[in-house]
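Next comes work_15.txt, a file with compact mmCIF, C-alpha atoms.
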```txt
# COMPACT_ATOMS: atom_id res chain seq x y z
CA MET S 448 2.99 17.58 -20.18
CA VAL S 449 -0.53 17.95 -21.46
CA THR S 450 -3.15 20.05 -19.73
CA ARG S 451 -6.64 18.78 -20.30
CA MET S 452 -10.19 19.21 -19.23
CA SER S 453 -12.60 16.44 -20.06
CA THR S 454 -15.87 14.98 -18.93
CA LEU S 455 -16.19 11.23 -19.17
CA PHE S 456 -19.26 9.57 -17.67
CA PHE S 457 -19.88 12.83 -15.76
CA ILE S 458 -16.45 12.68 -14.09
CA THR S 459 -14.64 15.97 -14.59
CA LEU S 460 -10.86 16.04 -14.79
CA GLU S 461 -9.04 19.34 -15.00
CA GLY S 462 -5.27 19.59 -14.83
CA GLU S 463 -1.98 18.18 -15.98
CA CYS S 464 -1.59 14.81 -17.66
CA LYS S 465 1.21 12.88 -19.31
CA ARG S 466 1.65 9.62 -21.14
CA ASN S 467 3.17 6.75 -19.19
CA GLU S 468 5.69 4.29 -20.65
CA THR S 469 2.89 2.26 -22.27
CA GLY S 470 1.35 5.35 -23.89
CA VAL S 471 -1.66 5.64 -21.60
CA LEU S 472 -2.61 9.20 -20.63
CA GLU S 473 -2.62 9.61 -16.84
CA ARG S 474 -3.03 12.42 -14.33
CA SER S 475 0.30 13.88 -13.22
CA GLY S 476 1.10 17.20 -11.55
CA THR S 477 -1.79 19.21 -10.15
CA GLY S 478 -5.45 19.02 -10.96
CA ILE S 479 -9.07 18.75 -9.95
CA HIS S 480 -11.16 15.57 -10.10
CA LYS S 481 -14.96 15.75 -9.63
CA THR S 482 -17.24 12.72 -9.44
CA PRO S 483 -20.97 12.57 -10.24
CA ASN S 484 -21.82 11.99 -6.56
CA GLY S 485 -20.15 15.26 -5.51
CA ILE S 486 -16.70 14.17 -4.34
CA VAL S 487 -14.03 16.72 -5.30
CA TYR S 488 -10.26 16.21 -5.08
CA THR S 489 -7.97 19.19 -5.63
CA GLY S 490 -4.26 18.53 -5.42
CA GLN S 491 -1.25 16.65 -6.67
CA TRP S 492 -1.26 13.53 -8.82
CA LYS S 493 1.45 11.01 -9.66
CA HIS S 494 0.95 7.83 -11.70
CA ASP S 495 -2.77 8.66 -12.04
CA LYS S 496 -3.27 8.53 -8.24
CA MET S 497 -3.63 11.10 -5.48
CA ASN S 498 -0.02 11.51 -4.32
CA GLY S 499 1.36 14.54 -2.50
CA THR S 500 -0.70 17.28 -0.91
CA GLY S 501 -4.36 17.84 -1.60
CA ARG S 502 -7.90 18.34 -0.40
CA LEU S 503 -10.76 15.87 -0.66
CA ASP S 504 -14.30 17.23 -0.16
CA HIS S 505 -17.20 14.84 0.37
CA PRO S 506 -20.85 15.85 -0.17
CA SER S 507 -21.60 14.87 3.46
CA GLY S 508 -19.49 17.85 4.54
CA ALA S 509 -16.48 15.75 5.51
CA VAL S 510 -13.16 17.22 4.34
CA TYR S 511 -9.61 15.85 4.39
CA GLU S 512 -6.73 18.20 3.78
CA GLY S 513 -3.16 16.96 3.90
CA ASN S 514 -0.85 14.34 2.44
CA PHE S 515 -1.90 11.50 0.16
CA LYS S 516 -0.05 8.39 -0.94
CA GLU S 517 -1.46 6.01 -3.56
CA ASN S 518 -5.03 7.40 -3.14
CA MET S 519 -4.93 7.10 0.67
CA PHE S 520 -4.65 9.59 3.54
CA HIS S 521 -1.02 9.12 4.50
CA GLY S 522 1.23 11.48 6.47
CA THR S 523 0.09 14.65 8.17
CA GLY S 524 -3.42 15.93 7.65
CA THR S 525 -6.67 17.26 9.06
CA TYR S 526 -9.94 15.37 8.75
CA THR S 527 -13.06 17.43 9.45
CA PHE S 528 -16.14 15.33 10.18
CA PRO S 529 -19.60 16.43 8.95
CA ASN S 530 -20.52 17.55 12.50
CA GLY S 531 -17.51 19.91 12.62
CA THR S 532 -15.23 17.85 14.86
CA LYS S 533 -11.65 17.55 13.64
CA TYR S 534 -8.74 15.15 13.83
CA CYS S 535 -5.37 16.87 13.25
CA GLY S 536 -2.41 14.54 13.09
CA ASN S 537 -0.89 11.56 11.34
CA PHE S 538 -2.51 9.06 9.02
CA ASP S 539 -1.16 5.69 7.94
CA GLU S 540 -2.95 4.29 4.88
CA ASN S 541 -6.30 5.91 5.79
CA LYS S 542 -5.98 5.07 9.50
CA LEU S 543 -5.64 7.59 12.34
CA GLU S 544 -2.18 6.82 13.71
CA GLY S 545 0.09 8.45 16.27
CA GLU S 546 0.12 11.63 18.35
CA ALA S 547 -2.71 13.96 17.35
CA ASP S 548 -5.31 16.48 18.43
CA PHE S 549 -9.06 15.94 18.35
CA ILE S 550 -11.19 19.07 18.40
CA ASP S 551 -14.76 18.47 19.59
CA THR S 552 -17.94 20.33 18.63
CA GLN S 553 -17.41 22.83 21.48
CA GLY S 554 -13.90 23.66 20.25
CA LEU S 555 -12.15 21.83 23.09
CA VAL S 556 -8.83 20.28 22.06
CA TRP S 557 -8.07 16.74 23.20
CA ARG S 558 -4.54 15.36 22.74
CA GLY S 559 -3.47 11.76 22.66
CA THR S 560 -2.16 8.80 20.74
CA PHE S 561 -4.48 7.30 18.16
CA HIS S 562 -4.42 3.75 16.80
CA TYR S 563 -6.98 3.48 14.00
CA THR S 564 -10.30 4.13 15.80
CA ALA S 565 -9.03 3.91 19.38
CA ALA S 566 -7.46 6.73 21.39
CA PRO S 567 -7.11 5.56 24.99
CA GLY S 568 -5.98 8.21 27.44
CA LEU S 569 -6.99 11.34 25.54
CA LYS S 570 -6.26 14.40 27.67
CA LEU S 571 -7.91 17.79 27.48
CA LYS S 572 -5.40 20.39 26.33
CA LEU S 573 -5.89 23.47 28.51
CA GLU S 574 -4.92 27.00 27.57
CA MET S 575 -3.36 28.84 30.50
```
Can you give me the file's structure in the form of structure tokens?
Amino acid sequence: MVTRMSTLFFITLEGECKRNETGVLERSGTGIHKTPNGIVYTGQWKHDKMNGTGRLDHPSGAVYEGNFKENMFHGTGTYTFPNGTKYCGNFDENKLEGEADFIDTQGLVWRGTFHYTAAPGLKLKLEM
């Protein structure tokens, strides 16, 4: 394992790296990746891709925190939109998928089944 910090074309990489079977140095383990346009990923890497748990911050204010697979949102996670609304649930290759909660700008929690961008039959979750 090699720990490195480098800046290449204004992309900052900070964390663990290792050489693959062809000798190429790739991100592996945990680290931070910052792009020139303000995107920051903090989390786990495997085979030079976001794999495992992590957090991706976008300059718009959007934030994803959860599981990644091959650079995609995959598994359980929370996506916070720039306006503060949140989706908390499952992702399948960057798509909202399955039973989840949607929290609106007023803090109301809506529960339902999501299929990519559609969520027919969302129901307001009431606290009693």
field: Within 8 Å of Thr525 (chain S) using all atoms listed in the file, minus same-chain residues under 5 positions, as a PyMOL selection string
entry: chain S and resi 511-513+533-536
task: Quick one: everything within 6 Å of Val510 (chain S), counting all atoms listed in the file, minus sequence neighbours fewer than 5 positions away in the same chain. Send it as a PyMOL selection string.
output: chain S and resi 503-504+526-527
field: Distance of CA of Leu573 (chain S) from CA of Lys542 (chain S), expressed in Å to one decimal place
entry: 26.5 Å
query: What separation in Å, quoted to one decimal, exists between CA of Gly476 (chain S) and CA of Asn541 (chain S)?
result: 22.0 Å
task: Might you pull out every residue within 9 Å of Ala565 (chain S), with all atoms listed in the file counted and same-chain residues fewer than 4 positions away left off, and present them as a VMD selection string?
output: chain S and resid 543 560 to 561
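Distance annotation: of S:Gly478, S:Gly470, S:Gly545, S:Gly462, the residue with the minimal separation from Pro567 (chain S) is S:Gly545; atom set is all atoms listed in the file.
Within the 8 Å cut-off around Asp551 (chain S), using all atoms listed in the file and omitting residues fewer than 6 positions from it on the same chain, the listed residues are S:Gly531, S:Thr532, S:Lys533, S:Trp557.
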Deliver the residues from the most recent selection as a file, using C-alpha atoms, as a PDB file, in the frame of the given file.
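Output below, filename out10.pdb:
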```
ATOM      1  CA  GLY S 531     -17.510  19.910  12.620  1.00  0.00           C
ATOM      2  CA  THR S 532     -15.230  17.850  14.860  1.00  0.00           C
ATOM      3  CA  LYS S 533     -11.650  17.550  13.640  1.00  0.00           C
ATOM      4  CA  TRP S 557      -8.070  16.740  23.200  1.00  0.00           C
TER       5      TRP S 557
END
```
- line: Here CA of Pro483 (chain S) and CA of Gly499 (chain S) stand apart by 23.7 Å
- request: Mind checking which residues fall within 6 Å of Val556 (chain S), counting only C-alpha atoms, ignoring those fewer than 3 positions away in the same chain, and posting them as a count of residues only?
  value: 3
statement: Using only C-alpha atoms, the best pick from S:Asn498, S:Phe515, S:Arg466, S:Glu461 as closest to His480 (chain S) would be S:Glu461
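Using only C-alpha atoms, the nearest neighbour of Val487 (chain S) within the list S:Ser507, S:Asn467, S:Asn514, S:Thr523 is S:Ser507.
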- request: Would you mind telling me which residue in S:Gln491, S:Thr482, S:Thr552, S:Thr477 lies nearest to Lys516 (chain S) when using only C-alpha atoms?
  value: S:Gln491
Produce the centre coordinates and the three edge lengths, each in Å to one decimal, of the box along x, y and z that contains all listed atoms of region 483-488 of chain S with 3 Å added on each side, as AutoDock Vina command-line options.
```
--center_x -16.0 --center_y 14.4 --center_z -7.3 --size_x 17.6 --size_y 10.7 --size_z 11.9
```
- request: For each of S:Lys496, S:Glu517, S:Pro529, S:Ala566, take the minimum atom-to-atom distance to Ala547 (chain S), counting only C-alpha atoms, then give the residue where this is smallest.
  value: S:Ala566
